[in-house]
Amino acid sequence: MNIEYKNESYTIDNVSVSNLAETYGTPCFVYSEDSISKNYNEINNAFSNNKKKVYYSVKANSNLSILKLLSELGSGFDIVSMGELDRVLKIGASPKNIVYSGVGKSESDIKKSIELGIYCINVESFSELERINKIASQLKTKAPVAIRVNPNIDPGSHEYISTGLESTKFGINLKNMMDAFMYADKENFIDLIGIDYHIGSQIETLGPFIEAVFSVAKIIKELKANNISVDLIDMGGGLGIDYGKNKVPLLKEYGEALNKAIKDNKLEDYNIILELGRSIVGNAGYLLTKVEYIKKDSEKNYVIVDAGMDNLIRPALYSAWHNIICTKTHENKKKILCDVVGPVCECADFLGKDRELIVEQDDILVVTACGAYASSMASNYNSRPKPAEIIIKNKEAKLISKREEVKDLYAREIII
Ligand SMILES: Cc1ncc(COP(=O)(O)O)c(C=O)c1O
């Protein structure tokens, strides 16, 4: 963690939290460039070689400066929309370093991806495969595809992010996948280059990842028996992070365990990619928020802050737990048991429940591990502008996204 308490004040990469809050206002997101680089380098060093590469999963945090940083570190990109595609092209990434997943690609999405020459389209259904074939035939070219299989592996995470279970909308199940591979193999306008899976997110043990490698090796054997060959295996992402109470493998341990499973299954000759998001940026981000009120006249104590579910939806959506630190010390004041809640008009608008905090009005709180699936999942609910985003680079704060203004929110609206 890059947040530190020294000389009676909190700093993030040596920059004072209270100065950040004063300069940029609250709520705001603060990221540590050192932390992102460290995470990327850790997995890259443990895992990558000339056949194996990390693709950053843009959905985790799509800020242009963060994408540029990762591109400079050598990362490829895993995208799920044309918006994400535009972002990675904007920072100068090569289409050859882009893979494209998602269950709902439109005709124009597919056309654009083929025309640009991205590395691979990860296909999630038979009907998507047929659509790609048709579009590629119109373009008189071959579309590079990997079939996303659903290996029916329980990653042990929240049901909303357990994408490798057969009961979800993701990938093609084991029963039907061979039809898709056979179709892709025989059609003239499809270049079947690979097999893909992504079993879930915030996975806290190595077991499911290893099980998935064994499962894909078995599928590749089956493909070979049907004279179908692929040269790419996209193993998805999903490694969990420590939100304060989780015991998770290190990125290095994860990379080494995958390498062992790859070797054990004799898959070293394949091009292999990982699509990691949370484990690269998750613990590198913080949400700074100010205490507006302390409400003690209800059944519970409420610490009402200026950040809400519009900024960080994970607690409401996944019952996720984030650590919340009060950056002000109050001598001789007692802890209170409280819910830390936002100003949004929903009972689900909370950042933390049943917390013990020593806190006063106007204090600055820091919600940790907000680098992934926080700003990228933000909304404007209640017509609340999105916060500023700042990155600490070489011990200096740099603004990487301006705070939205209310007029930005209705700029596209038409009064009739
Ligand atoms: C297809 C795909 N790849 C990669 C990821 C990134 O997962 P994570 O951020 O857990 O590494 C996701 C996120 O759920 C995903 O859906």
# chains A, B, ... in the order shown; residues from 1 in each chain; ligands from 1
>>> residues_near_ligand(ligand="ligand 1", cutoff="9 Å", atoms="only C-alpha atoms and all ligand atoms", output="NGL selection string")
:A and (55-60 or 78-80 or 100-102 or 122 or 148 or 161-163 or 170 or 196-203 or 235-241 or 274-282 or 372-373)
>>> residues_around(residues="segment 33-49 of chain A", least_positions_apart="6", cutoff="9 Å", atoms="only C-alpha atoms", output="short mmCIF file (atom, residue, chain, number, x, y, z; two decimals) with N, CA and C atoms, in the first residue's frame")
data_model
loop_
_atom_site.label_atom_id
_atom_site.label_comp_id
_atom_site.auth_asym_id
_atom_site.auth_seq_id
_atom_site.Cartn_x
_atom_site.Cartn_y
_atom_site.Cartn_z
N MET A 1 0.82 -1.21 0.00
CA MET A 1 0.00 0.00 0.00
C MET A 1 0.85 1.26 0.00
N ASN A 2 0.46 2.25 -0.74
CA ASN A 2 1.26 3.46 -0.85
C ASN A 2 0.78 4.58 0.05
N ASP A 13 2.28 8.16 -1.70
CA ASP A 13 3.56 8.36 -2.41
C ASP A 13 4.19 9.70 -2.03
N TYR A 56 -3.63 -5.61 -20.56
CA TYR A 56 -4.36 -4.93 -19.48
C TYR A 56 -5.84 -4.86 -19.87
N ILE A 66 -3.47 6.37 -17.55
CA ILE A 66 -3.15 5.03 -17.03
C ILE A 66 -2.91 4.06 -18.20
N LEU A 69 0.52 4.84 -19.59
CA LEU A 69 1.56 4.28 -18.71
C LEU A 69 1.74 2.79 -18.99
N LEU A 70 0.62 2.07 -19.06
CA LEU A 70 0.71 0.62 -19.26
C LEU A 70 1.24 0.29 -20.65
N LEU A 73 4.84 0.58 -20.56
CA LEU A 73 5.46 -0.55 -19.85
C LEU A 73 5.47 -1.82 -20.71
N GLY A 74 4.74 -1.78 -21.83
CA GLY A 74 4.78 -2.93 -22.75
C GLY A 74 3.50 -3.74 -22.80
N SER A 75 2.45 -3.26 -22.14
CA SER A 75 1.22 -4.04 -22.08
C SER A 75 0.43 -4.01 -23.38
N LEU A 250 0.30 -13.52 -4.44
CA LEU A 250 1.01 -12.40 -5.07
C LEU A 250 0.95 -12.59 -6.58
N LEU A 251 1.08 -11.48 -7.31
CA LEU A 251 1.11 -11.57 -8.78
C LEU A 251 2.23 -12.52 -9.24
N LYS A 252 3.35 -12.46 -8.53
CA LYS A 252 4.50 -13.31 -8.87
C LYS A 252 4.12 -14.79 -8.71
N GLU A 253 3.44 -15.09 -7.58
CA GLU A 253 3.05 -16.49 -7.33
C GLU A 253 2.05 -16.97 -8.38
N TYR A 254 1.14 -16.08 -8.73
CA TYR A 254 0.14 -16.39 -9.76
C TYR A 254 0.83 -16.68 -11.10
N GLY A 255 1.76 -15.81 -11.50
CA GLY A 255 2.48 -15.99 -12.77
C GLY A 255 3.26 -17.30 -12.76
N GLU A 256 3.92 -17.58 -11.64
CA GLU A 256 4.73 -18.80 -11.57
C GLU A 256 3.85 -20.04 -11.59
N LEU A 258 0.90 -20.31 -12.99
CA LEU A 258 0.41 -20.50 -14.37
C LEU A 258 1.49 -21.11 -15.24
N ASN A 259 2.72 -20.61 -15.10
CA ASN A 259 3.82 -21.15 -15.91
C ASN A 259 4.01 -22.64 -15.65
N ILE A 272 0.46 -17.29 -25.45
CA ILE A 272 -0.48 -17.24 -24.31
C ILE A 272 -0.59 -15.80 -23.81
N ILE A 273 -1.84 -15.37 -23.60
CA ILE A 273 -2.02 -14.03 -23.04
C ILE A 273 -2.89 -14.06 -21.79
N SER A 279 -5.84 -6.65 -10.61
CA SER A 279 -4.57 -6.90 -9.89
C SER A 279 -3.48 -5.92 -10.32
N ILE A 280 -3.69 -5.20 -11.44
CA ILE A 280 -2.69 -4.22 -11.88
C ILE A 280 -2.98 -2.82 -11.30
N VAL A 281 -4.26 -2.44 -11.27
CA VAL A 281 -4.56 -1.07 -10.83
C VAL A 281 -5.34 -0.97 -9.51
N GLY A 282 -5.91 -2.09 -9.07
CA GLY A 282 -6.85 -2.04 -7.93
C GLY A 282 -6.28 -1.40 -6.69
N ASN A 283 -5.11 -1.89 -6.25
CA ASN A 283 -4.57 -1.37 -4.99
C ASN A 283 -3.77 -0.08 -5.19
N ALA A 284 -3.80 0.47 -6.41
CA ALA A 284 -3.05 1.69 -6.69
C ALA A 284 -3.94 2.94 -6.64
N GLY A 285 -5.20 2.78 -6.24
CA GLY A 285 -6.11 3.93 -6.28
C GLY A 285 -6.80 4.17 -4.95
N ILE A 391 -2.94 11.52 -10.54
CA ILE A 391 -1.96 10.45 -10.36
C ILE A 391 -0.71 11.04 -9.72
N ILE A 392 -0.09 10.27 -8.84
CA ILE A 392 1.18 10.72 -8.26
C ILE A 392 2.30 10.09 -9.07
N LYS A 393 3.08 10.98 -9.69
CA LYS A 393 4.18 10.54 -10.56
C LYS A 393 5.45 11.22 -10.03
N ASN A 394 6.45 10.46 -9.77
CA ASN A 394 7.70 11.01 -9.20
C ASN A 394 7.43 11.97 -8.04
#
>>> residues_around(residues="Ile91 of chain A", least_positions_apart="4", cutoff="8 Å", atoms="only C-alpha atoms", output="PyMOL selection string")
chain A and resi 64+67-68+87
>>> write_last_selection(atoms="N, CA and C atoms", output="PDB file, in the first residue's frame")
ATOM      1  N   LEU A  64      -7.003   7.670 -19.720  1.00  0.00           N
ATOM      2  CA  LEU A  64      -6.000   7.684 -20.797  1.00  0.00           C
ATOM      3  C   LEU A  64      -4.561   7.675 -20.274  1.00  0.00           C
ATOM      4  N   LEU A  67      -3.723   4.193 -19.243  1.00  0.00           N
ATOM      5  CA  LEU A  67      -3.519   3.344 -20.427  1.00  0.00           C
ATOM      6  C   LEU A  67      -2.148   3.639 -21.054  1.00  0.00           C
ATOM      7  N   LYS A  68      -1.801   4.923 -21.115  1.00  0.00           N
ATOM      8  CA  LYS A  68      -0.514   5.300 -21.720  1.00  0.00           C
ATOM      9  C   LYS A  68       0.640   4.732 -20.895  1.00  0.00           C
ATOM     10  N   ARG A  87     -10.217   4.579 -26.887  1.00  0.00           N
ATOM     11  CA  ARG A  87      -9.282   5.032 -25.848  1.00  0.00           C
ATOM     12  C   ARG A  87      -7.874   4.478 -26.100  1.00  0.00           C
TER      13      ARG A  87
END
>>> residues_around(residues="Lys402 of chain A", least_positions_apart="3", cutoff="8 Å", atoms="only C-alpha atoms", output="list in words")
Pro387, Ala388, Glu389 and Leu399 of chain A
>>> atom_distance(atom1="atom CA of Thr289 of chain A", atom2="atom CA of Ala21 of chain A")
7.9 Å
>>> residues_around(residues="Ser94 of chain A", least_positions_apart="4", cutoff="9 Å", atoms="only C-alpha atoms", output="ChimeraX atom specification")
/A:76,88-89,98,118
>>> closest_residue(among="A:Glu22, A:Asp242, A:Asp310, A:Asp109", to="His322 of chain A", atoms="only C-alpha atoms")
A:Asp242
>>> select_by_dssp(residues="segment 339-412 of chain A", states="strand (DSSP E)", output="ChimeraX atom specification")
/A:339-341,350-357,364-367,388-393,396-401
>>> residues_around(residues="Ser137 of chain A", least_positions_apart="6", cutoff="10 Å", atoms="only C-alpha atoms", output="list of chain:residue names")
A:Arg131, A:Ala143, A:Glu187, A:Asn188, A:Phe189, A:Ile190
>>> atom_distance(atom1="atom CA of Asn311 of chain A", atom2="atom CA of Ser375 of chain A")
6.1 Å
